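Below: one structure, written as structure tokens.
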Amino acid sequence: MAAKKKRVATIQVPTAPARPGDKPKFAAWTHQPGDLSRPDPLTCTAADTTDHAHGLVRVLDDDAKASGPWNPDLSPDELRTGLEHMVRMRIFDDRMMKMQRTGKLSFYMRSLGEECVAVAQTMALETQDWIFPTYRQPAAQFVRGRDMVSMICHCIGNEKDNILGRQMPVHYSYRTGRYISVSSPVATQFSQAVGVAMASQYKGLDECCITWIGDGASAEGDYHYALNFASVFKPPVILNIVNNQWAISTHANLASGSSNFAARGLSYDVPSIRVDGNDFLALYSVTKWARERAASGAGATHIEVLTYRAGAHSSSDDPSKYRPKDEDEVWPGGDPIERLKAHLISIGKWSEEQQNELEEGIDSEVMAAYKEAVKFGDLANGPYPSSDSIFTEVYEDIPWHLQEQWDEMKRLRGE
Amino acid sequence: MAAKKKRVATIQVPTAPARPGDKPKFAAWTHQPGDLSRPDPLTCTAADTTDHAHGLVRVLDDDAKASGPWNPDLSPDELRTGLEHMVRMRIFDDRMMKMQRTGKLSFYMRSLGEECVAVAQTMALETQDWIFPTYRQPAAQFVRGRDMVSMICHCIGNEKDNILGRQMPVHYSYRTGRYISVSSPVATQFSQAVGVAMASQYKGLDECCITWIGDGASAEGDYHYALNFASVFKPPVILNIVNNQWAISTHANLASGSSNFAARGLSYDVPSIRVDGNDFLALYSVTKWARERAASGAGATHIEVLTYRAGAHSSSDDPSKYRPKDEDEVWPGGDPIERLKAHLISIGKWSEEQQNELEEGIDSEVMAAYKEAVKFGDLANGPYPSSDSIFTEVYEDIPWHLQEQWDEMKRLRGE
Amino acid sequence: MAEMNIVKAVNSALDNMLEKDENVLFFGQDAGYFGGVFGTSEGLQNKFGSHRVFDTPLSEGGIAAIAFGMGINGLRPVAEIQFADYIFPAYDQIVNEIAKVRHRSGGEFWCPVTFRTPAGGGIRGGHHHSQSPESQFTHTPGLKVVYASTPYNAKGLLIAAIECNDPVIVLEPKRCYRGPFYGDPHNVPTWKDHPEAQVPESHYTVEIGKARLALEGNECTVIAWGAMVHVAQAAIRESGISCDLIDLQSLVPWDKEAIEASIEKTGRCVIVHEAPKTSGFGAEMAASIQERCFWSLEAPVNRVTGWDTPFPHTTEWDYMPSPARIAEAIHKTMEE
Amino acid sequence: MAEMNIVKAVNSALDNMLEKDENVLFFGQDAGYFGGVFGTSEGLQNKFGSHRVFDTPLSEGGIAAIAFGMGINGLRPVAEIQFADYIFPAYDQIVNEIAKVRHRSGGEFWCPVTFRTPAGGGIRGGHHHSQSPESQFTHTPGLKVVYASTPYNAKGLLIAAIECNDPVIVLEPKRCYRGPFYGDPHNVPTWKDHPEAQVPESHYTVEIGKARLALEGNECTVIAWGAMVHVAQAAIRESGISCDLIDLQSLVPWDKEAIEASIEKTGRCVIVHEAPKTSGFGAEMAASIQERCFWSLEAPVNRVTGWDTPFPHTTEWDYMPSPARIAEAIHKTMEE
Ligand SMILES: Cc1ncc(C[n+]2csc(CCOP(=O)(O)OP(=O)(O)O)c2C)c(N)n1
Ligand SMILES: Cc1ncc(C[n+]2csc(CCOP(=O)(O)OP(=O)(O)O)c2C)c(N)n1
Ligand SMILES: [Mg+2]
Ligand SMILES: [Mg+2]
């Protein structure tokens, strides 16, 4: 029936801009601080953010100078706190990664190059706001004051892991800090966060919920559910796509045929902004703006956080197998820590010496926490949470069939 | 922790523009034929269709005069064929609906007010193109020459139903006409159609696949999958949202926080057009344009077909329970049959007498087909497909466990 | 006490709970203004407001996701899935997320959501308006699964589910919404005068985990749930055998005491369900019964189920277990 | 003939089929350029081109949907789901659509798609990188379900699945990708010198529907699939009981002759699987065995399974059936 036809290609599959052996390709950034206005968060419509969704909100320029309407005018103390948390995350990650290599952890995922995301965004919120993270926003816990020992105990799956060794490392749960349990299936939290926010809205509380999704994960149905339900019910939710350009080995050009993720929100009638994700000030400021919208009842905000996954996806992969080794150096967004540090130094509120001191201090802090944590066991050597933890909290109460199985396990354990 | 806060509303739930007892509310159309250019289909980018996605492509104006760059300049014969198929669909639907009330069918769904969609769009395609319909595009089968008797045999679930009474009425399958089996779960066909098109593309054939989804169903994940995969792999697929403004009792403002469905495609980088779905010429022309894109390897097109569901959702509901009775009369898009008829008369190629003759002819055709079909049984009286049909075609061959069960059924039947 | 059909009983359960607990919300497709395609929530939006009873977009995955979020943030969401066949787009949210969140978070977060959904065949719904997907949920630790059969347990189980701090799937036999169904499509009684249609208008529960002895006998145990309870009842009458008829009501957890006591008494068992045989919940029941009561069994546990095929439209009466088929199985079980 | 581990055997199956049939395409997340997170498709994109072996967006639902479309339009798509735990977003497309399209269309359309996916625990994957969801597919008429255990059957079953005109779910025991697993995490052998690691480099099939007798004995029948075949083997050795060990390989349809013959010989049966007990496929096996072989059984059919809880991370060795637990069940079965 159908005639054969000359076609240039059969199935068209986008190739990554650069693979090992290629020269990294990045379009140079033309966006500068001051390019984009800061609309009134309370009255702003999706259409009012068209330029913001297609542009890039920046505050720090290439020389680490802050300017423009999005400059949040943070105090040096606040900036130093942000810097400190980012550095803490990086050093913590380094230590955990080393420990993973020695078998003390089964697995690990770093935030390398993206530390700013969780730190700046959490700092821009109120303490009562809910945080619904992926595995790349553990730093939010530092902002919320979580004890590092308990974080390590989780990662090394020991006796004191507050989730009792039930999930892989980096799947933190920290209710006191309103940091909601991480789960492995990607994207699910994005739509769930809308429900969290609807509950806050229903109860009439001054709370919002912030959540994140990866560029890759945005291809799941949950992304669509989240935007659509948020658009219909207008709950106080902040929906961030962290476009770090890679989903394991797959470049973002396979996550979407469009290179812009922010603009998707516009088509759901949700105000949408694209922001330099390694610019602490810009990200803080945009998040604060979204929080103002949430607090006022204006509804959701959609934010594309543009950054770069500087490390491997996880401890299980070697990125030199699928992308040029030097990509992270060439990437125009730089390093969030270096950029905030340079800014602080340029305004005379920080120095290389202070930075060294900070790093050394945190290094000791992490080492001390680590030493404390391993006292309660680690994955290589135990002790682990008791295997009783298998049966508890599956349901509120233990139904008879679980009780029978638990008894059987105890019997097998020789009890 | 969280402070109580005055809020105007708790959960914000959009209300339908008008409910029973209210005056119907429709924004008057400002769009006119000639408003929108016809871009070159082969080189057109998504951005080039921004105006088309936010506007409304029309060819017939309110006086049924055709004009503008989208005028497909169809011959009077072609227009009459289109008119004929639409009238056929309407009369067919009326007959089936009556029969449903007498129990000859278990259930029925009309295309009332939307007959143009399947007719104009299918006519704009080549015969080798795949049609992946919902339950509201059965008219495509008329265009593809399906024998009406066999369609009725399906609906009344008799012995000659080509799908052997396995699915509800209106779930046609017509392989000869490349009309793919309808299935009840909404939205699934939308993403599947992308795969159909990828296969055509892979084989290098000059084929495309057209599919539809409802305004309501576009909230499912499959909508997102379809647009995203189409955007990434650029297969020859035509993705239509039929915005008939209702999903059973739910207004389109609950399907999306945005009143525009077309523009969503832009954010996937897929050229997108909003078209007057009751304007035969406009819809034909836009579809032809999309087909040219598909044939050239330019990839997918996303089309919002704006129309109005003039009847009940199905034989199971009474729309006067959830929307104003006279909404369909006030709706600015009119009736697709009346509009095409008026156009043909206005150009001197048709008359009221011819229309009467046509309707009478089709009436007899439908009655004759109906009489022929019921010879093979109907749902009220049988004979039905043999219950053996339960076991066949579950798999290509019958596995042992099905054979055992089949044998048991035969034994129970007394064989 | 009032005479109610299942539609009314479900409505009454929702009404009681919306009244009693301001953390209860009810939502679903067409469930708000219209009151649901089966009318189960008629009048509730008017009574409680559209912030408590509302329509949602047509997205089961989204519905489950917001239910998750509301649940962990202190509400008791009750979500309607319009037909049980359409619960599958929400399957990931239910089995990977909702079911596991209490455990995965070390008890820090939990999700007391109830899904209620019309299930089962008998209304000429064909492939996708007829399925009974219970066993596709019983394999998931963290979920409870119940299946109503009468106005009385439809209301009592639904209230128990809403009050339960675990997620519960509540299946309602749509074939029985307006009357019990004894397997004869030509004889369609209403719930009028049926003892199980006497339903308190106020709050009560039917305990999750407990079965109901629908008929008492001593020669054979028949276990059924949903619409099949009534068909089995007709079959038992037809068979002339003295049977315990156990309306399971609760599948996870199921009522060990009731089942074991009956099997120990009768030594024989027939299980009836509408869903396909292979890996239906009847498999779990049969496996468990032979594990637990092997030495009491005088015959193999027999299953009478839907065939291992998709659910048909015109021939659905040949698909679903009929009284004759069940009666025959009872006889066969007696003869071994 | 070459010595292969399962990764290599899967790769070889894909290689053979891509070579043999130009209608075969292979795709999935990270499955193209990178060759899959477990390396099962390494080298294939280079060899066959990115129009035949390619990466997809991170959307299991979308992957299943395009597989459906390609399948009904004449191709033989093979889709990888990166972990079996992530198949659930595609559940609706698989159980409501792919499984039913042949039947629903009166045979006009059918969908010869293969899903292959790494399943099971033992790699410290926690809740969502460890599940064995086989029974969540065995309840769906229209699907075939197979579970590999060795390099030889991993390749042969995969080729059979790709050539099958029905949709097939192929589960691969990720724990055994690089070596059989005998239940001792501290002793991790490779496939070196294992007889089932001798794999032809060219095309062959392992018939869907046929089990493999992994050990022959006469006192008890042990039925297992996936990684549990090897654990059961260790257990049998430990038990000192002479057992038939049946590697089921194919769950739908399962090998009636092999099972019945063995049970009739031994009169005793233990079933082992990793998935939770309730409504696991062991329930179907036990129910069917007592139905079909009741008079041969000298003891109840016993199930040794994962507990009815989510899959844990640090304590996974306490979750999965261990040789000791299985051996104990064999002894218990012998003693009744
Ligand atoms: C539903 C689901 N499918 C697949 C995976 C396996 N997986 C884990 S992370 C990942 C890539 C995620 O990429 P992205 O969303 O961009 O987030 P990033 O890792 O870059 O932060 C994949 C495929 C998963 N966890 N969940
Ligand atoms: C997955 C799924 N959920 C729910 C339904 C029940 N249902 C059938 S049609 C329909 C409304 C569809 O509305 P829309 O998509 O706007 O299409 P229309 O009927 O207006 O053509 C619903 C909710 C279904 N068929 N499938
Ligand atoms: Mg990423
Ligand atoms: Mg509609």
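Here, A, B, ... name the chains of the structure tokens in the order displayed, residue numbers run from 1 inside each chain, and ligands are numbered from 1 in the same displayed order.
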Can you check which residues of chain A have any atom within 6 Å of chain D? Use only C-alpha atoms and format it as a short mmCIF file (atom, residue, chain, number, x, y, z; two decimals) with all heavy atoms, in the first residue's frame.
data_model
loop_
_atom_site.label_atom_id
_atom_site.label_comp_id
_atom_site.auth_asym_id
_atom_site.auth_seq_id
_atom_site.Cartn_x
_atom_site.Cartn_y
_atom_site.Cartn_z
N ILE A 11 14.88 6.63 11.79
CA ILE A 11 14.52 7.27 13.05
C ILE A 11 15.58 8.30 13.41
O ILE A 11 16.77 8.01 13.34
CB ILE A 11 14.37 6.21 14.18
CG1 ILE A 11 13.12 5.37 13.91
CG2 ILE A 11 14.29 6.88 15.55
CD1 ILE A 11 12.78 4.38 14.99
N GLY A 165 18.05 1.57 57.76
CA GLY A 165 18.68 0.81 56.69
C GLY A 165 17.72 0.35 55.61
O GLY A 165 17.99 -0.60 54.89
N ARG A 166 16.60 1.00 55.52
CA ARG A 166 15.60 0.49 54.59
C ARG A 166 15.82 0.95 53.16
O ARG A 166 15.43 0.27 52.21
CB ARG A 166 14.21 0.89 55.05
CG ARG A 166 13.79 0.12 56.29
CD ARG A 166 12.53 0.69 56.86
NE ARG A 166 12.13 -0.02 58.07
CZ ARG A 166 11.36 0.51 59.01
NH1 ARG A 166 10.90 1.74 58.89
NH2 ARG A 166 11.04 -0.21 60.07
N GLN A 167 16.38 2.13 53.01
CA GLN A 167 16.64 2.61 51.65
C GLN A 167 18.15 2.81 51.46
O GLN A 167 18.92 2.80 52.41
CB GLN A 167 15.91 3.93 51.39
CG GLN A 167 14.41 3.81 51.32
CD GLN A 167 13.83 4.97 50.52
OE1 GLN A 167 13.73 4.90 49.29
NE2 GLN A 167 13.44 6.03 51.19
N MET A 168 18.52 3.00 50.21
CA MET A 168 19.92 3.22 49.87
C MET A 168 20.40 4.54 50.49
O MET A 168 19.60 5.39 50.89
CB MET A 168 20.06 3.28 48.36
CG MET A 168 19.80 1.95 47.67
SD MET A 168 19.60 2.16 45.88
CE MET A 168 21.30 2.40 45.38
N GLY A 216 16.28 15.04 33.08
CA GLY A 216 15.88 13.75 32.55
C GLY A 216 14.51 13.34 33.05
O GLY A 216 13.62 12.98 32.27
N ALA A 217 14.32 13.43 34.35
CA ALA A 217 13.09 12.96 34.97
C ALA A 217 11.87 13.76 34.52
O ALA A 217 10.73 13.30 34.66
CB ALA A 217 13.22 13.00 36.49
N ALA A 219 10.72 13.99 31.85
CA ALA A 219 9.99 13.26 30.80
C ALA A 219 8.93 12.32 31.38
O ALA A 219 8.09 11.79 30.64
CB ALA A 219 10.98 12.46 29.94
N GLU A 220 8.93 12.13 32.68
CA GLU A 220 7.92 11.26 33.30
C GLU A 220 6.56 11.97 33.35
O GLU A 220 6.48 13.20 33.37
CB GLU A 220 8.34 10.89 34.73
CG GLU A 220 9.61 10.07 34.84
CD GLU A 220 9.39 8.57 34.53
OE1 GLU A 220 8.25 8.17 34.20
OE2 GLU A 220 10.38 7.82 34.63
N SER A 249 23.90 8.97 31.44
CA SER A 249 24.72 9.15 30.23
C SER A 249 23.98 9.89 29.14
O SER A 249 24.50 10.05 28.03
CB SER A 249 25.09 7.77 29.69
OG SER A 249 23.94 7.15 29.11
N LEU A 254 17.96 14.74 24.90
CA LEU A 254 17.07 13.59 24.77
C LEU A 254 15.94 13.63 25.80
O LEU A 254 15.01 12.84 25.76
CB LEU A 254 17.85 12.28 24.92
CG LEU A 254 17.90 11.50 23.61
CD1 LEU A 254 19.13 10.65 23.52
CD2 LEU A 254 16.66 10.66 23.43
N ALA A 255 16.05 14.58 26.72
CA ALA A 255 14.97 14.73 27.71
C ALA A 255 13.85 15.56 27.12
O ALA A 255 12.70 15.46 27.53
CB ALA A 255 15.49 15.40 28.97
N SER A 387 17.31 -6.81 62.06
CA SER A 387 16.42 -7.25 60.99
C SER A 387 14.96 -7.17 61.41
O SER A 387 14.06 -7.27 60.58
CB SER A 387 16.79 -8.67 60.54
OG SER A 387 16.89 -9.52 61.64
#
Using only C-alpha atoms and all ligand atoms, what are the residues with an atom within 6 Å of ligand 1, set out as JSON, numbers by chain? {"A": [136, 184, 185, 186, 214, 215, 216, 217, 244, 246, 247, 248, 313], "D": [58, 86]}
Output the selection as a JSON list (two decimals), in the first residue's frame - N, CA and C atoms for each residue.
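File written: part23.json
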[["chain", "number", "residue", "atom", "x", "y", "z"],
["A", 136, "ARG", "N", 19.60, 15.01, 44.95],
["A", 136, "ARG", "CA", 20.65, 16.02, 44.77],
["A", 136, "ARG", "C", 20.44, 17.28, 45.59],
["A", 184, "SER", "N", 13.53, 6.53, 45.48],
["A", 184, "SER", "CA", 14.31, 6.35, 44.25],
["A", 184, "SER", "C", 13.56, 6.61, 42.95],
["A", 185, "PRO", "N", 12.30, 6.22, 42.83],
["A", 185, "PRO", "CA", 11.67, 6.47, 41.53],
["A", 185, "PRO", "C", 11.69, 7.96, 41.24],
["A", 186, "VAL", "N", 12.32, 8.34, 40.16],
["A", 186, "VAL", "CA", 12.44, 9.77, 39.87],
["A", 186, "VAL", "C", 11.07, 10.37, 39.56],
["A", 214, "GLY", "N", 14.76, 16.42, 37.91],
["A", 214, "GLY", "CA", 15.89, 16.54, 37.00],
["A", 214, "GLY", "C", 15.44, 16.80, 35.57],
["A", 215, "ASP", "N", 16.35, 17.27, 34.75],
["A", 215, "ASP", "CA", 16.05, 17.44, 33.33],
["A", 215, "ASP", "C", 15.57, 16.11, 32.75],
["A", 216, "GLY", "N", 16.28, 15.04, 33.08],
["A", 216, "GLY", "CA", 15.88, 13.75, 32.55],
["A", 216, "GLY", "C", 14.51, 13.34, 33.05],
["A", 217, "ALA", "N", 14.32, 13.43, 34.35],
["A", 217, "ALA", "CA", 13.09, 12.96, 34.97],
["A", 217, "ALA", "C", 11.87, 13.76, 34.52],
["A", 244, "ASN", "N", 20.71, 20.07, 34.89],
["A", 244, "ASN", "CA", 22.16, 19.93, 35.03],
["A", 244, "ASN", "C", 22.73, 19.25, 33.78],
["A", 246, "TRP", "N", 22.56, 16.55, 32.18],
["A", 246, "TRP", "CA", 22.77, 15.12, 31.99],
["A", 246, "TRP", "C", 21.81, 14.31, 32.87],
["A", 247, "ALA", "N", 21.38, 13.19, 32.32],
["A", 247, "ALA", "CA", 20.63, 12.19, 33.08],
["A", 247, "ALA", "C", 21.43, 10.91, 32.88],
["A", 248, "ILE", "N", 22.18, 10.55, 33.87],
["A", 248, "ILE", "CA", 23.22, 9.52, 33.74],
["A", 248, "ILE", "C", 24.00, 9.82, 32.47],
["A", 313, "HIS", "N", 27.24, 10.58, 37.72],
["A", 313, "HIS", "CA", 25.86, 10.48, 38.17],
["A", 313, "HIS", "C", 25.83, 9.95, 39.61],
["D", 58, "LEU", "N", 13.58, 9.68, 29.69],
["D", 58, "LEU", "CA", 13.42, 8.96, 30.96],
["D", 58, "LEU", "C", 11.93, 8.83, 31.26],
["D", 86, "TYR", "N", 11.04, 0.02, 38.04],
["D", 86, "TYR", "CA", 10.61, 1.22, 37.32],
["D", 86, "TYR", "C", 9.69, 0.89, 36.15]]
Name the residues of segment 217-254 of chain C that fall into helix (DSSP H, G or I) according to DSSP on the backbone, using the chain letters and numbers of this document, as a PyMOL selection string. chain C and resi 228-239
Given the selection you just returned, output its residues as a file containing all heavy atoms, formatted as a short mmCIF file (atom, residue, chain, number, x, y, z; two decimals), in the first residue's frame.
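Resulting contents of selection_28.cif:
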data_model
loop_
_atom_site.label_atom_id
_atom_site.label_comp_id
_atom_site.auth_asym_id
_atom_site.auth_seq_id
_atom_site.Cartn_x
_atom_site.Cartn_y
_atom_site.Cartn_z
N MET C 228 -19.52 -11.67 43.60
CA MET C 228 -19.55 -13.13 43.59
C MET C 228 -20.15 -13.73 44.87
O MET C 228 -20.54 -14.89 44.87
CB MET C 228 -18.14 -13.69 43.34
CG MET C 228 -17.71 -13.55 41.91
SD MET C 228 -18.82 -14.42 40.73
CE MET C 228 -19.45 -13.06 39.76
N VAL C 229 -20.20 -12.92 45.92
CA VAL C 229 -20.83 -13.43 47.14
C VAL C 229 -22.27 -13.81 46.85
O VAL C 229 -22.75 -14.88 47.27
CB VAL C 229 -20.77 -12.34 48.25
CG1 VAL C 229 -21.61 -12.75 49.46
CG2 VAL C 229 -19.32 -12.08 48.65
N HIS C 230 -22.95 -12.97 46.11
CA HIS C 230 -24.37 -13.24 45.83
C HIS C 230 -24.53 -14.37 44.83
O HIS C 230 -25.43 -15.19 44.95
CB HIS C 230 -25.04 -11.96 45.34
CG HIS C 230 -24.76 -10.80 46.24
ND1 HIS C 230 -25.30 -10.68 47.51
CD2 HIS C 230 -23.92 -9.72 46.10
CE1 HIS C 230 -24.83 -9.59 48.09
NE2 HIS C 230 -24.00 -8.99 47.26
N VAL C 231 -23.64 -14.41 43.85
CA VAL C 231 -23.71 -15.49 42.86
C VAL C 231 -23.42 -16.82 43.56
O VAL C 231 -24.09 -17.83 43.31
CB VAL C 231 -22.71 -15.23 41.71
CG1 VAL C 231 -22.80 -16.35 40.68
CG2 VAL C 231 -22.99 -13.88 41.04
N ALA C 232 -22.46 -16.80 44.46
CA ALA C 232 -22.14 -18.03 45.20
C ALA C 232 -23.32 -18.45 46.06
O ALA C 232 -23.60 -19.65 46.21
CB ALA C 232 -20.89 -17.80 46.06
N GLN C 233 -24.00 -17.47 46.60
CA GLN C 233 -25.18 -17.78 47.42
C GLN C 233 -26.23 -18.52 46.58
O GLN C 233 -26.78 -19.55 47.00
CB GLN C 233 -25.74 -16.48 47.99
CG GLN C 233 -26.86 -16.71 48.99
CD GLN C 233 -27.36 -15.37 49.54
OE1 GLN C 233 -26.57 -14.45 49.81
NE2 GLN C 233 -28.68 -15.26 49.71
N ALA C 234 -26.47 -17.99 45.38
CA ALA C 234 -27.41 -18.66 44.47
C ALA C 234 -26.91 -20.07 44.14
O ALA C 234 -27.69 -21.03 44.10
CB ALA C 234 -27.58 -17.83 43.20
N ALA C 235 -25.62 -20.18 43.93
CA ALA C 235 -25.04 -21.48 43.57
C ALA C 235 -25.20 -22.49 44.70
O ALA C 235 -25.51 -23.66 44.47
CB ALA C 235 -23.56 -21.31 43.23
N ILE C 236 -24.99 -22.03 45.91
CA ILE C 236 -25.10 -22.93 47.06
C ILE C 236 -26.53 -23.44 47.18
O ILE C 236 -26.77 -24.63 47.38
CB ILE C 236 -24.65 -22.20 48.36
CG1 ILE C 236 -23.13 -21.95 48.30
CG2 ILE C 236 -25.03 -23.00 49.60
CD1 ILE C 236 -22.60 -21.01 49.36
N ARG C 237 -27.47 -22.50 47.02
CA ARG C 237 -28.88 -22.90 47.03
C ARG C 237 -29.10 -23.97 45.96
O ARG C 237 -29.66 -25.04 46.22
CB ARG C 237 -29.75 -21.68 46.80
CG ARG C 237 -31.00 -21.67 47.66
CD ARG C 237 -31.76 -20.35 47.53
NE ARG C 237 -31.21 -19.27 48.32
CZ ARG C 237 -30.98 -18.02 47.87
NH1 ARG C 237 -31.21 -17.71 46.61
NH2 ARG C 237 -30.50 -17.11 48.68
N GLU C 238 -28.61 -23.68 44.75
CA GLU C 238 -28.79 -24.60 43.62
C GLU C 238 -28.14 -25.96 43.90
O GLU C 238 -28.65 -26.99 43.46
CB GLU C 238 -28.16 -23.93 42.40
CG GLU C 238 -28.49 -24.56 41.06
CD GLU C 238 -27.98 -23.70 39.89
OE1 GLU C 238 -28.09 -22.44 39.96
OE2 GLU C 238 -27.46 -24.28 38.92
N SER C 239 -27.02 -25.94 44.61
CA SER C 239 -26.25 -27.18 44.80
C SER C 239 -26.91 -28.13 45.80
O SER C 239 -26.67 -29.33 45.77
CB SER C 239 -24.85 -26.85 45.30
OG SER C 239 -24.88 -26.45 46.66
#
Chain B residues within 8 Å of chain A, counting only C-alpha atoms: which ones, as a ChimeraX atom specification? /B:1-8,10-14,128,198,201-207,219-222,224-225,228-229,231-235,253-258,260-261,263-264,267-269,297
Give one line per residue of chain D that approaches chain C to at most 6 Å, naming the two atoms of the closest pair and their distance in Å to one decimal, counting only C-alpha atoms; sort by chain then ascending residue number and deliver it as JSON lines.
{"residue": "D:Phe88", "atom": "CA", "partner": "C:Asp92", "partner_atom": "CA", "distance": 4.7}
{"residue": "D:Pro89", "atom": "CA", "partner": "C:Asp92", "partner_atom": "CA", "distance": 5.3}
{"residue": "D:Asp92", "atom": "CA", "partner": "C:Phe88", "partner_atom": "CA", "distance": 4.7}
{"residue": "D:Gln136", "atom": "CA", "partner": "C:Gln136", "partner_atom": "CA", "distance": 5.8}
{"residue": "D:His139", "atom": "CA", "partner": "C:Ser279", "partner_atom": "CA", "distance": 4.9}
{"residue": "D:Pro141", "atom": "CA", "partner": "C:Thr309", "partner_atom": "CA", "distance": 4.9}
{"residue": "D:Thr278", "atom": "CA", "partner": "C:His139", "partner_atom": "CA", "distance": 5.4}
{"residue": "D:Ser279", "atom": "CA", "partner": "C:His139", "partner_atom": "CA", "distance": 4.9}
{"residue": "D:Ala283", "atom": "CA", "partner": "C:Glu284", "partner_atom": "CA", "distance": 4.9}
{"residue": "D:Glu284", "atom": "CA", "partner": "C:Ala283", "partner_atom": "CA", "distance": 4.9}
{"residue": "D:Ala286", "atom": "CA", "partner": "C:Ala287", "partner_atom": "CA", "distance": 5.1}
{"residue": "D:Ala287", "atom": "CA", "partner": "C:Ala287", "partner_atom": "CA", "distance": 4.7}
{"residue": "D:Gln290", "atom": "CA", "partner": "C:Pro300", "partner_atom": "CA", "distance": 5.9}
{"residue": "D:Glu291", "atom": "CA", "partner": "C:Pro300", "partner_atom": "CA", "distance": 5.2}
{"residue": "D:Phe294", "atom": "CA", "partner": "C:Pro300", "partner_atom": "CA", "distance": 5.7}
{"residue": "D:Pro300", "atom": "CA", "partner": "C:Glu291", "partner_atom": "CA", "distance": 5.2}
{"residue": "D:Asp308", "atom": "CA", "partner": "C:Pro141", "partner_atom": "CA", "distance": 5.5}
{"residue": "D:Thr309", "atom": "CA", "partner": "C:Pro141", "partner_atom": "CA", "distance": 4.9}
Which residues come within 6 Å of Asp378 of chain A, counting only C-alpha atoms, excluding same-chain residues fewer than 2 positions away, as a CSV table (one decimal) with N, CA and C atoms, in the first residue's frame?
chain,number,residue,atom,x,y,z
A,104,LYS,N,32.3,1.2,53.0
A,104,LYS,CA,31.5,1.6,54.2
A,104,LYS,C,30.1,2.0,53.8
A,156,ILE,N,25.7,5.3,55.9
A,156,ILE,CA,26.5,4.1,56.1
A,156,ILE,C,25.6,3.0,56.7
A,158,ASN,N,23.9,2.3,59.4
A,158,ASN,CA,24.2,1.6,60.6
A,158,ASN,C,23.0,1.6,61.5
A,374,VAL,N,30.6,6.3,62.7
A,374,VAL,CA,31.0,4.9,62.5
A,374,VAL,C,31.0,4.1,63.8
A,380,ALA,N,30.1,-2.0,55.9
A,380,ALA,CA,31.1,-3.0,55.8
A,380,ALA,C,31.1,-4.0,57.0
A,381,ASN,N,31.0,-3.4,58.1
A,381,ASN,CA,31.2,-4.2,59.3
A,381,ASN,C,30.0,-4.3,60.3
A,382,GLY,N,29.0,-3.6,60.0
A,382,GLY,CA,27.9,-3.6,60.9
A,382,GLY,C,28.3,-2.9,62.2
Which residue out of C:Thr114, C:Asn218, C:Ser130, C:Asn165 has the minimum interatomic distance to ligand 2 when only C-alpha atoms and all ligand atoms are used?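 Distance minimum relative to ligand 2 lands on C:Ser130.
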Please provide as a ChimeraX atom specification all residues within 10 Å of segment 366-372 of chain A, with the sequence filter that same-chain residues fewer than 4 positions apart are discarded (counting only C-alpha atoms). /A:88-89,91-96,99,147-153,156,360-362,376-377
Among segment 42-271 of chain D, which ones does DSSP place in strand (DSSP E), written as a PyMOL selection string? chain D and resi 53-55+76-80+114-119+144-147+168-173+198-199+212-215+220-224+243-247+250-252+269-271
One decimal, Å: what's the distance from atom CA of Ser315 of chain B over to atom CA of Ser386 of chain B, could you say? 26.3 Å
